[in-house]
$ cat my_file_39.cif   # mmCIF, C-alpha atoms, pLDDT in the B column; chains and numbers go by the auth columns
data_start
loop_
_atom_site.group_PDB
_atom_site.id
_atom_site.type_symbol
_atom_site.label_atom_id
_atom_site.label_comp_id
_atom_site.label_asym_id
_atom_site.label_seq_id
_atom_site.Cartn_x
_atom_site.Cartn_y
_atom_site.Cartn_z
_atom_site.B_iso_or_equiv
_atom_site.auth_seq_id
_atom_site.auth_asym_id
ATOM 1 C CA ALA A 1 2.760 -1.824 -1.095 70.00 61 A
ATOM 2 C CA GLN A 2 3.428 0.568 1.730 79.00 62 A
ATOM 3 C CA SER A 3 5.336 3.659 0.662 89.00 63 A
ATOM 4 C CA VAL A 4 6.264 7.132 1.854 94.00 64 A
ATOM 5 C CA SER A 5 6.429 10.124 -0.503 95.00 65 A
ATOM 6 C CA GLN A 6 8.042 13.484 0.073 96.00 66 A
ATOM 7 C CA HIS A 7 6.981 15.969 -2.538 87.00 67 A
ATOM 8 C CA ASN A 8 9.922 18.318 -2.616 90.00 68 A
ATOM 9 C CA HIS A 9 13.510 17.270 -3.188 93.00 69 A
ATOM 10 C CA HIS A 10 15.058 20.676 -2.562 96.00 70 A
ATOM 11 C CA VAL A 11 13.486 23.754 -1.018 97.00 71 A
ATOM 12 C CA ILE A 12 15.224 27.121 -0.859 97.00 72 A
ATOM 13 C CA LEU A 13 13.866 29.801 1.460 97.00 73 A
ATOM 14 C CA SER A 14 14.978 33.098 2.893 97.00 74 A
ATOM 15 C CA GLU A 15 15.180 33.556 6.639 97.00 75 A
ATOM 16 C CA ALA A 16 11.827 34.327 8.279 97.00 76 A
ATOM 17 C CA ALA A 17 9.873 32.626 5.489 97.00 77 A
ATOM 18 C CA SER A 18 7.326 30.004 6.418 97.00 78 A
ATOM 19 C CA LEU A 19 8.013 26.358 5.727 97.00 79 A
ATOM 20 C CA GLU A 20 5.797 23.455 4.818 97.00 80 A
ATOM 21 C CA LEU A 21 7.212 20.118 3.716 97.00 81 A
ATOM 22 C CA GLY A 22 4.826 17.526 2.399 96.00 82 A
ATOM 23 C CA CYS A 23 4.700 13.865 3.343 97.00 83 A
ATOM 24 C CA ASN A 24 2.190 11.278 2.185 96.00 84 A
ATOM 25 C CA TYR A 25 2.024 7.569 2.795 94.00 85 A
ATOM 26 C CA SER A 26 0.083 4.688 1.374 90.00 86 A
ATOM 27 C CA TYR A 27 -1.313 2.302 3.964 81.00 87 A
ATOM 28 C CA GLY A 28 -4.776 1.945 5.393 75.00 88 A
ATOM 29 C CA GLY A 29 -3.935 0.599 8.815 81.00 89 A
ATOM 30 C CA THR A 30 -2.512 1.997 12.018 82.00 90 A
ATOM 31 C CA VAL A 31 0.743 3.864 11.623 86.00 91 A
ATOM 32 C CA ASN A 32 3.258 5.787 13.700 89.00 92 A
ATOM 33 C CA LEU A 33 4.585 8.937 12.008 93.00 93 A
ATOM 34 C CA PHE A 34 7.924 10.693 12.395 95.00 94 A
ATOM 35 C CA TRP A 35 9.992 13.528 11.067 97.00 95 A
ATOM 36 C CA TYR A 36 13.771 13.255 11.322 96.00 96 A
ATOM 37 C CA VAL A 37 16.355 15.907 10.549 96.00 97 A
ATOM 38 C CA GLN A 38 19.973 15.575 9.532 94.00 98 A
ATOM 39 C CA TYR A 39 22.060 18.720 9.915 94.00 99 A
ATOM 40 C CA PRO A 40 25.235 18.904 7.827 91.00 100 A
ATOM 41 C CA GLY A 41 27.811 16.504 9.226 88.00 101 A
ATOM 42 C CA GLN A 42 25.535 15.244 11.991 90.00 102 A
ATOM 43 C CA HIS A 43 23.448 12.180 12.784 90.00 103 A
ATOM 44 C CA LEU A 44 19.812 11.728 11.981 94.00 104 A
ATOM 45 C CA GLN A 45 17.788 12.996 14.916 93.00 105 A
ATOM 46 C CA LEU A 46 14.122 12.991 15.778 94.00 106 A
ATOM 47 C CA LEU A 47 12.184 16.246 15.284 95.00 107 A
ATOM 48 C CA LEU A 48 8.754 15.021 16.295 95.00 108 A
ATOM 49 C CA LYS A 49 6.474 11.999 16.274 93.00 109 A
ATOM 50 C CA TYR A 50 2.802 11.106 16.234 93.00 110 A
ATOM 51 C CA PHE A 51 1.279 7.945 17.654 89.00 111 A
ATOM 52 C CA SER A 52 -2.239 8.940 18.681 88.00 112 A
ATOM 53 C CA GLY A 53 -4.293 11.778 20.140 91.00 113 A
ATOM 54 C CA ASP A 54 -4.065 15.402 19.011 94.00 114 A
ATOM 55 C CA PRO A 55 -3.190 15.312 15.305 94.00 115 A
ATOM 56 C CA LEU A 56 -1.205 18.532 15.649 96.00 116 A
ATOM 57 C CA VAL A 57 2.169 17.588 17.063 96.00 117 A
ATOM 58 C CA LYS A 58 4.789 20.018 18.292 96.00 118 A
ATOM 59 C CA GLY A 59 8.451 19.133 18.133 94.00 119 A
ATOM 60 C CA ILE A 60 11.801 20.673 18.865 92.00 120 A
ATOM 61 C CA LYS A 61 13.077 23.986 17.496 94.00 121 A
ATOM 62 C CA GLY A 62 9.615 25.359 16.730 95.00 122 A
ATOM 63 C CA PHE A 63 8.610 22.646 14.258 97.00 123 A
ATOM 64 C CA GLU A 64 5.135 21.139 14.161 97.00 124 A
ATOM 65 C CA ALA A 65 3.348 18.602 12.006 98.00 125 A
ATOM 66 C CA GLU A 66 -0.279 17.802 11.352 96.00 126 A
ATOM 67 C CA PHE A 67 -1.615 14.317 10.777 95.00 127 A
ATOM 68 C CA ILE A 68 -4.581 14.321 8.390 95.00 128 A
ATOM 69 C CA LYS A 69 -5.797 10.746 8.299 91.00 129 A
ATOM 70 C CA SER A 70 -8.202 11.241 5.406 92.00 130 A
ATOM 71 C CA LYS A 71 -5.362 12.528 3.256 93.00 131 A
ATOM 72 C CA PHE A 72 -2.722 10.060 4.527 94.00 132 A
ATOM 73 C CA SER A 73 -0.534 13.089 5.127 95.00 133 A
ATOM 74 C CA PHE A 74 1.842 14.282 7.832 97.00 134 A
ATOM 75 C CA ASN A 75 3.184 17.654 6.703 97.00 135 A
ATOM 76 C CA LEU A 76 5.929 19.463 8.576 98.00 136 A
ATOM 77 C CA ARG A 77 5.635 23.185 9.248 98.00 137 A
ATOM 78 C CA LYS A 78 7.553 26.035 10.775 98.00 138 A
ATOM 79 C CA PRO A 79 6.227 29.608 10.733 97.00 139 A
ATOM 80 C CA SER A 80 9.613 31.316 10.440 97.00 140 A
ATOM 81 C CA VAL A 81 12.766 29.488 9.376 97.00 141 A
ATOM 82 C CA GLN A 82 16.295 30.356 10.418 97.00 142 A
ATOM 83 C CA TRP A 83 19.608 29.846 8.654 96.00 143 A
ATOM 84 C CA SER A 84 20.362 27.102 11.183 96.00 144 A
ATOM 85 C CA ASP A 85 17.401 25.065 9.872 97.00 145 A
ATOM 86 C CA THR A 86 19.408 24.251 6.757 97.00 146 A
ATOM 87 C CA ALA A 87 19.385 20.463 6.745 97.00 147 A
ATOM 88 C CA GLU A 88 17.828 17.381 5.183 96.00 148 A
ATOM 89 C CA TYR A 89 14.408 16.397 6.476 98.00 149 A
ATOM 90 C CA PHE A 90 13.051 12.862 6.341 97.00 150 A
ATOM 91 C CA CYS A 91 9.504 11.739 6.891 97.00 151 A
ATOM 92 C CA ALA A 92 9.191 8.201 8.234 95.00 152 A
ATOM 93 C CA VAL A 93 6.229 5.932 8.765 92.00 153 A
ATOM 94 C CA ARG A 94 6.157 2.812 10.885 87.00 154 A
ATOM 95 C CA PHE A 95 3.747 0.342 9.327 77.00 155 A
ATOM 96 C CA GLY A 96 5.404 -2.577 11.027 73.00 156 A
ATOM 97 C CA ASP A 97 8.938 -1.784 10.058 78.00 157 A
ATOM 98 C CA MET A 98 10.064 1.813 9.524 85.00 158 A
ATOM 99 C CA ARG A 99 9.874 3.278 6.012 90.00 159 A
ATOM 100 C CA PHE A 100 11.557 6.571 5.157 94.00 160 A
ATOM 101 C CA GLY A 101 10.805 9.051 2.425 95.00 161 A
ATOM 102 C CA ALA A 102 13.558 10.131 0.062 95.00 162 A
ATOM 103 C CA GLY A 103 14.160 13.320 2.028 96.00 163 A
ATOM 104 C CA THR A 104 13.861 17.049 1.348 97.00 164 A
ATOM 105 C CA ARG A 105 16.921 19.225 1.393 97.00 165 A
ATOM 106 C CA LEU A 106 16.166 22.629 2.903 97.00 166 A
ATOM 107 C CA THR A 107 18.479 25.560 2.244 97.00 167 A
ATOM 108 C CA VAL A 108 17.797 28.743 4.178 97.00 168 A
ATOM 109 C CA LYS A 109 19.488 31.848 2.837 96.00 169 A
ATOM 110 C CA PRO A 110 20.585 34.388 5.459 90.00 170 A
ATOM 111 C CA GLU B 1 24.719 9.550 27.631 62.00 10 B
ATOM 112 C CA ALA B 2 26.934 8.096 24.909 81.00 11 B
ATOM 113 C CA GLY B 3 25.308 7.747 21.529 93.00 12 B
ATOM 114 C CA VAL B 4 25.340 4.936 18.999 96.00 13 B
ATOM 115 C CA ALA B 5 28.905 4.235 17.893 97.00 14 B
ATOM 116 C CA GLN B 6 29.856 2.928 14.470 97.00 15 B
ATOM 117 C CA SER B 7 33.121 2.062 12.815 97.00 16 B
ATOM 118 C CA PRO B 8 34.745 2.549 10.477 97.00 17 B
ATOM 119 C CA ARG B 9 33.386 5.903 9.340 96.00 18 B
ATOM 120 C CA TYR B 10 34.582 5.428 5.777 97.00 19 B
ATOM 121 C CA LYS B 11 35.548 2.391 3.745 97.00 20 B
ATOM 122 C CA ILE B 12 36.638 2.014 0.140 98.00 21 B
ATOM 123 C CA ILE B 13 36.850 -1.448 -1.378 97.00 22 B
ATOM 124 C CA GLU B 14 36.846 -3.047 -4.776 97.00 23 B
ATOM 125 C CA LYS B 15 33.936 -5.098 -6.022 96.00 24 B
ATOM 126 C CA ARG B 16 33.951 -8.743 -4.971 97.00 25 B
ATOM 127 C CA GLN B 17 35.866 -7.887 -1.788 97.00 26 B
ATOM 128 C CA SER B 18 34.387 -8.378 1.667 97.00 27 B
ATOM 129 C CA VAL B 19 33.686 -5.705 4.259 98.00 28 B
ATOM 130 C CA ALA B 20 32.362 -5.580 7.805 98.00 29 B
ATOM 131 C CA PHE B 21 30.810 -2.784 9.823 98.00 30 B
ATOM 132 C CA TRP B 22 30.510 -2.588 13.580 97.00 31 B
ATOM 133 C CA CYS B 23 27.867 -0.970 15.759 97.00 32 B
ATOM 134 C CA ASN B 24 27.707 -0.407 19.514 97.00 33 B
ATOM 135 C CA PRO B 25 24.209 0.712 20.540 96.00 34 B
ATOM 136 C CA ILE B 26 23.277 2.922 23.453 95.00 35 B
ATOM 137 C CA SER B 27 23.655 1.039 26.717 93.00 36 B
ATOM 138 C CA GLY B 28 20.445 -0.707 27.717 91.00 37 B
ATOM 139 C CA HIS B 29 18.854 -0.534 24.284 92.00 38 B
ATOM 140 C CA ALA B 30 17.380 -3.901 23.395 90.00 39 B
ATOM 141 C CA THR B 31 16.514 -3.194 19.788 91.00 40 B
ATOM 142 C CA LEU B 32 19.128 -2.600 17.102 93.00 41 B
ATOM 143 C CA TYR B 33 18.573 -1.700 13.464 94.00 42 B
ATOM 144 C CA TRP B 34 20.786 -1.635 10.381 97.00 43 B
ATOM 145 C CA TYR B 35 19.753 0.660 7.539 97.00 44 B
ATOM 146 C CA GLN B 36 21.190 1.235 4.072 97.00 45 B
ATOM 147 C CA GLN B 37 21.010 4.771 2.705 95.00 46 B
ATOM 148 C CA ILE B 38 21.843 5.142 -0.976 95.00 47 B
ATOM 149 C CA LEU B 39 22.667 8.644 -2.169 91.00 48 B
ATOM 150 C CA GLY B 40 19.479 10.612 -2.817 88.00 49 B
ATOM 151 C CA GLN B 41 17.249 8.158 -0.977 91.00 50 B
ATOM 152 C CA GLY B 42 15.967 7.710 2.527 93.00 51 B
ATOM 153 C CA PRO B 43 17.290 5.000 4.822 96.00 52 B
ATOM 154 C CA LYS B 44 16.039 1.494 4.060 95.00 53 B
ATOM 155 C CA LEU B 45 15.786 -1.043 6.865 93.00 54 B
ATOM 156 C CA LEU B 46 17.991 -4.086 6.327 96.00 55 B
ATOM 157 C CA ILE B 47 17.597 -5.941 9.600 94.00 56 B
ATOM 158 C CA GLN B 48 16.151 -5.469 13.075 92.00 57 B
ATOM 159 C CA PHE B 49 17.319 -7.297 16.207 91.00 58 B
ATOM 160 C CA GLN B 50 15.541 -7.599 19.528 89.00 59 B
ATOM 161 C CA ASN B 51 18.319 -8.513 21.966 87.00 60 B
ATOM 162 C CA ASN B 52 20.192 -11.218 20.027 85.00 61 B
ATOM 163 C CA GLY B 53 17.247 -12.427 17.968 89.00 62 B
ATOM 164 C CA VAL B 54 16.278 -11.296 14.482 90.00 63 B
ATOM 165 C CA VAL B 55 12.870 -9.615 14.332 87.00 64 B
ATOM 166 C CA ASP B 56 12.833 -8.605 10.679 87.00 65 B
ATOM 167 C CA ASP B 57 15.344 -9.304 7.907 92.00 66 B
ATOM 168 C CA SER B 58 12.918 -9.323 5.005 90.00 67 B
ATOM 169 C CA GLN B 59 14.850 -6.650 3.090 91.00 68 B
ATOM 170 C CA LEU B 60 18.320 -8.040 3.728 95.00 69 B
ATOM 171 C CA PRO B 61 19.939 -9.470 0.545 94.00 70 B
ATOM 172 C CA LYS B 62 20.877 -12.712 2.226 95.00 71 B
ATOM 173 C CA ASP B 63 22.991 -14.012 -0.631 95.00 72 B
ATOM 174 C CA ARG B 64 25.663 -11.437 0.213 97.00 73 B
ATOM 175 C CA PHE B 65 24.698 -9.644 3.414 98.00 74 B
ATOM 176 C CA SER B 66 24.805 -11.092 6.908 97.00 75 B
ATOM 177 C CA ALA B 67 24.459 -9.609 10.358 97.00 76 B
ATOM 178 C CA GLU B 68 24.803 -10.844 13.888 96.00 77 B
ATOM 179 C CA ARG B 69 24.318 -9.623 17.417 94.00 78 B
ATOM 180 C CA LEU B 70 25.667 -12.538 19.379 82.00 79 B
ATOM 181 C CA LYS B 71 25.516 -11.212 22.934 87.00 80 B
ATOM 182 C CA GLY B 72 22.618 -8.850 22.424 84.00 81 B
ATOM 183 C CA VAL B 73 24.822 -5.762 22.514 92.00 82 B
ATOM 184 C CA ASP B 74 27.281 -5.044 19.678 96.00 83 B
ATOM 185 C CA SER B 75 26.430 -5.960 16.134 97.00 84 B
ATOM 186 C CA THR B 76 28.324 -6.522 12.909 97.00 85 B
ATOM 187 C CA LEU B 77 27.041 -6.271 9.357 98.00 86 B
ATOM 188 C CA LYS B 78 29.008 -8.022 6.638 98.00 87 B
ATOM 189 C CA ILE B 79 28.910 -7.861 2.870 98.00 88 B
ATOM 190 C CA GLN B 80 30.554 -10.683 0.946 97.00 89 B
ATOM 191 C CA PRO B 81 31.158 -10.188 -1.943 96.00 90 B
ATOM 192 C CA ALA B 82 30.448 -6.495 -2.454 97.00 91 B
ATOM 193 C CA LYS B 83 28.876 -5.114 -5.609 97.00 92 B
ATOM 194 C CA LEU B 84 29.012 -1.619 -7.049 97.00 93 B
ATOM 195 C CA GLU B 85 25.390 -1.016 -6.048 96.00 94 B
ATOM 196 C CA ASP B 86 26.263 -1.592 -2.387 97.00 95 B
ATOM 197 C CA SER B 87 27.884 1.856 -2.283 98.00 96 B
ATOM 198 C CA ALA B 88 25.889 3.641 0.395 97.00 97 B
ATOM 199 C CA VAL B 89 25.913 4.868 3.957 97.00 98 B
ATOM 200 C CA TYR B 90 25.162 2.100 6.445 98.00 99 B
ATOM 201 C CA LEU B 91 23.364 3.398 9.495 98.00 100 B
ATOM 202 C CA CYS B 92 22.937 1.694 12.812 97.00 101 B
ATOM 203 C CA ALA B 93 20.164 2.733 15.183 95.00 102 B
ATOM 204 C CA SER B 94 19.011 1.529 18.569 93.00 103 B
ATOM 205 C CA SER B 95 15.955 1.897 20.751 91.00 104 B
ATOM 206 C CA LEU B 96 14.926 0.850 24.244 88.00 105 B
ATOM 207 C CA GLY B 97 12.951 -2.098 23.036 76.00 106 B
ATOM 208 C CA GLY B 98 9.752 -3.460 21.700 65.00 107 B
ATOM 209 C CA ALA B 99 9.091 -4.595 18.203 57.00 108 B
ATOM 210 C CA GLY B 100 6.195 -4.254 15.912 51.00 109 B
ATOM 211 C CA ILE B 101 3.813 -1.582 14.868 45.00 110 B
ATOM 212 C CA LEU B 102 3.157 0.018 18.256 52.00 111 B
ATOM 213 C CA ASP B 103 6.750 0.528 19.288 61.00 112 B
ATOM 214 C CA TYR B 104 6.709 3.860 21.101 70.00 113 B
ATOM 215 C CA ASN B 105 10.454 4.046 21.525 80.00 114 B
ATOM 216 C CA GLU B 106 12.562 6.566 19.671 84.00 115 B
ATOM 217 C CA GLN B 107 15.314 5.265 17.418 90.00 116 B
ATOM 218 C CA PHE B 108 18.710 6.875 17.974 93.00 117 B
ATOM 219 C CA PHE B 109 21.023 6.852 14.972 95.00 118 B
ATOM 220 C CA GLY B 110 24.759 6.531 14.740 96.00 119 B
ATOM 221 C CA PRO B 111 26.967 8.560 12.379 95.00 120 B
ATOM 222 C CA GLY B 112 26.988 5.855 9.722 96.00 121 B
ATOM 223 C CA THR B 113 29.690 4.156 7.662 97.00 122 B
ATOM 224 C CA ARG B 114 30.122 5.456 4.144 97.00 123 B
ATOM 225 C CA LEU B 115 31.010 2.557 1.845 98.00 124 B
ATOM 226 C CA THR B 116 32.389 3.106 -1.638 98.00 125 B
ATOM 227 C CA VAL B 117 32.694 0.072 -3.896 97.00 126 B
ATOM 228 C CA LEU B 118 34.957 0.592 -6.925 97.00 127 B
#

$ encode --input "my_file_39.cif" --output "structure tokens"
Amino acid sequence: AQSVSQHNHHVILSEAASLELGCNYSYGGTVNLFWYVQYPGQHLQLLLKYFSGDPLVKGIKGFEAEFIKSKFSFNLRKPSVQWSDTAEYFCAVRFGDMRFGAGTRLTVKP
Amino acid sequence: EAGVAQSPRYKIIEKRQSVAFWCNPISGHATLYWYQQILGQGPKLLIQFQNNGVVDDSQLPKDRFSAERLKGVDSTLKIQPAKLEDSAVYLCASSLGGAGILDYNEQFFGPGTRLTVL
């Protein structure tokens, strides 16, 4: 069955640290890949997406993600996090319908 | 541009009662989604509409959940009767249109309705 896995439930970083959040999926066919973010008290919003082309995708607020097809992965990265990046991050994969991972809560200490 | 509107924002009911949620998508968006997000989990798709037709309701518990989008705009999701395990946030999202695996349109999410079943 198709599934989406996020490896970390809660990540705590200090400001200026680098971030990498893991996302893996199980499905051998064509997929669309997304990262969503939910800031405290706000709606889910799209950070970035991948449909085809360059596997390194740049999104808003300095985030990027790399699609590695052979590893069924779509990890999210940011070279230097800020306190304002504190939020919950969801990886999502569209196999046909949209499947979300369980989310990773990121806490950035000032 | 106005976002996706949902009401109510919070609802507390007792088990076996009925409840309904309302969603008004972004103007011009043909596709509307209802998701259920249980605490500690990611959103799970319940139903997807394209205009007023159902595209996918494979994960909707049809013995107690129903949804409609009669005029292809607003939508309501109903639970009757509610169970304790229905406690969750119910999210509505909309997109410009297109269904299926190669839908290139971004989904915009509403604030959600937090349901507590006692």

$ closest_atom_pairs --input "my_file_39.cif" --of "chain B" --to "chain A" --cutoff "7 Å" --atoms "all atoms listed in the file" --output "CSV"
residue,atom,partner,partner_atom,distance
B:Gly49,CA,A:Ala162,CA,6.6
B:Gln50,CA,A:Ala162,CA,4.3
B:Gly51,CA,A:Ala162,CA,4.2
B:Pro52,CA,A:Phe160,CA,6.0
B:Lys53,CA,A:Arg159,CA,6.7
B:Leu54,CA,A:Met158,CA,6.9
B:Gly109,CA,A:Gly156,CA,5.2
B:Ile110,CA,A:Gly156,CA,4.3
B:Phe117,CA,A:Gln105,CA,6.9
B:Phe118,CA,A:Leu104,CA,5.8
B:Gly119,CA,A:His103,CA,6.1
B:Pro120,CA,A:His103,CA,5.1

$ atom_distance --input "my_file_39.cif" --atom1 "CA of Lys71 (chain B)" --atom2 "CA of Tyr85 (chain A)"
27.7 Å

$ resolve_selection --input "my_file_39.cif" --expression "the PyMOL selection byres ((chain A and resi 118-123) around 12)" --output "number ranges by chain"
A: 78-81, 94-97, 105-110, 114-117, 124-127, 135-142, 144-145, 149

$ residues_around --input "my_file_39.cif" --residues "Pro170 (chain A)" --least-positions-apart "5" --cutoff "8 Å" --atoms "all atoms listed in the file" --output "PDB file with C-alpha atoms, in the frame of the given file"
ATOM      1  CA  SER A  74      14.978  33.098   2.893  1.00 97.00           C
ATOM      2  CA  GLU A  75      15.180  33.556   6.639  1.00 97.00           C
ATOM      3  CA  GLN A 142      16.295  30.356  10.418  1.00 97.00           C
ATOM      4  CA  TRP A 143      19.608  29.846   8.654  1.00 96.00           C
TER       5      TRP A 143
END

$ atom_distance --input "my_file_39.cif" --atom1 "CA of Asn114 (chain B)" --atom2 "CA of Cys32 (chain B)"
19.0 Å

$ resolve_selection --input "my_file_39.cif" --expression "the PyMOL selection byres ((chain B and resi 23) around 7)" --output "ChimeraX atom specification"
/B:22,24-26,126-127

$ atom_distance --input "my_file_39.cif" --atom1 "CA of Thr85 (chain B)" --atom2 "CA of Gln57 (chain B)"
12.2 Å

$ resolve_selection --input "my_file_39.cif" --expression "the PyMOL selection byres ((chain B and resi 96) around 8)" --output "PyMOL selection string"
chain B and resi 47+92-95+97-98+123-126

$ axis_aligned_box --input "my_file_39.cif" --around "region 97-106 of chain A" --padding-each-side "4 Å" --output "lines of an AutoDock Vina configuration file"
center_x = 21.0
center_y = 15.3
center_z = 11.8
size_x = 21.7
size_y = 15.2
size_z = 16.0

$ residues_around --input "my_file_39.cif" --residues "Lys87 (chain B)" --least-positions-apart "2" --cutoff "6 Å" --atoms "all atoms listed in the file" --output "NGL selection string"
:B and (28-29 or 74-75)

$ residues_around --input "my_file_39.cif" --residues "Ala11 (chain B)" --least-positions-apart "3" --cutoff "10 Å" --atoms "all atoms listed in the file" --output "MDAnalysis selection string"
chainID B and resid 14 34:36

$ closest_residue --input "my_file_39.cif" --among "B:Ser27, B:Thr40, B:Ser16, B:Gln59" --to "Arg73 (chain B)" --atoms "only C-alpha atoms"
B:Ser27

$ residues_near_point --input "my_file_39.cif" --point "(21.1, -7.9, 17.2)" --cutoff "9 Å" --atoms "all atoms listed in the file" --output "ChimeraX atom specification"
/B:39-42,56-64,76-85
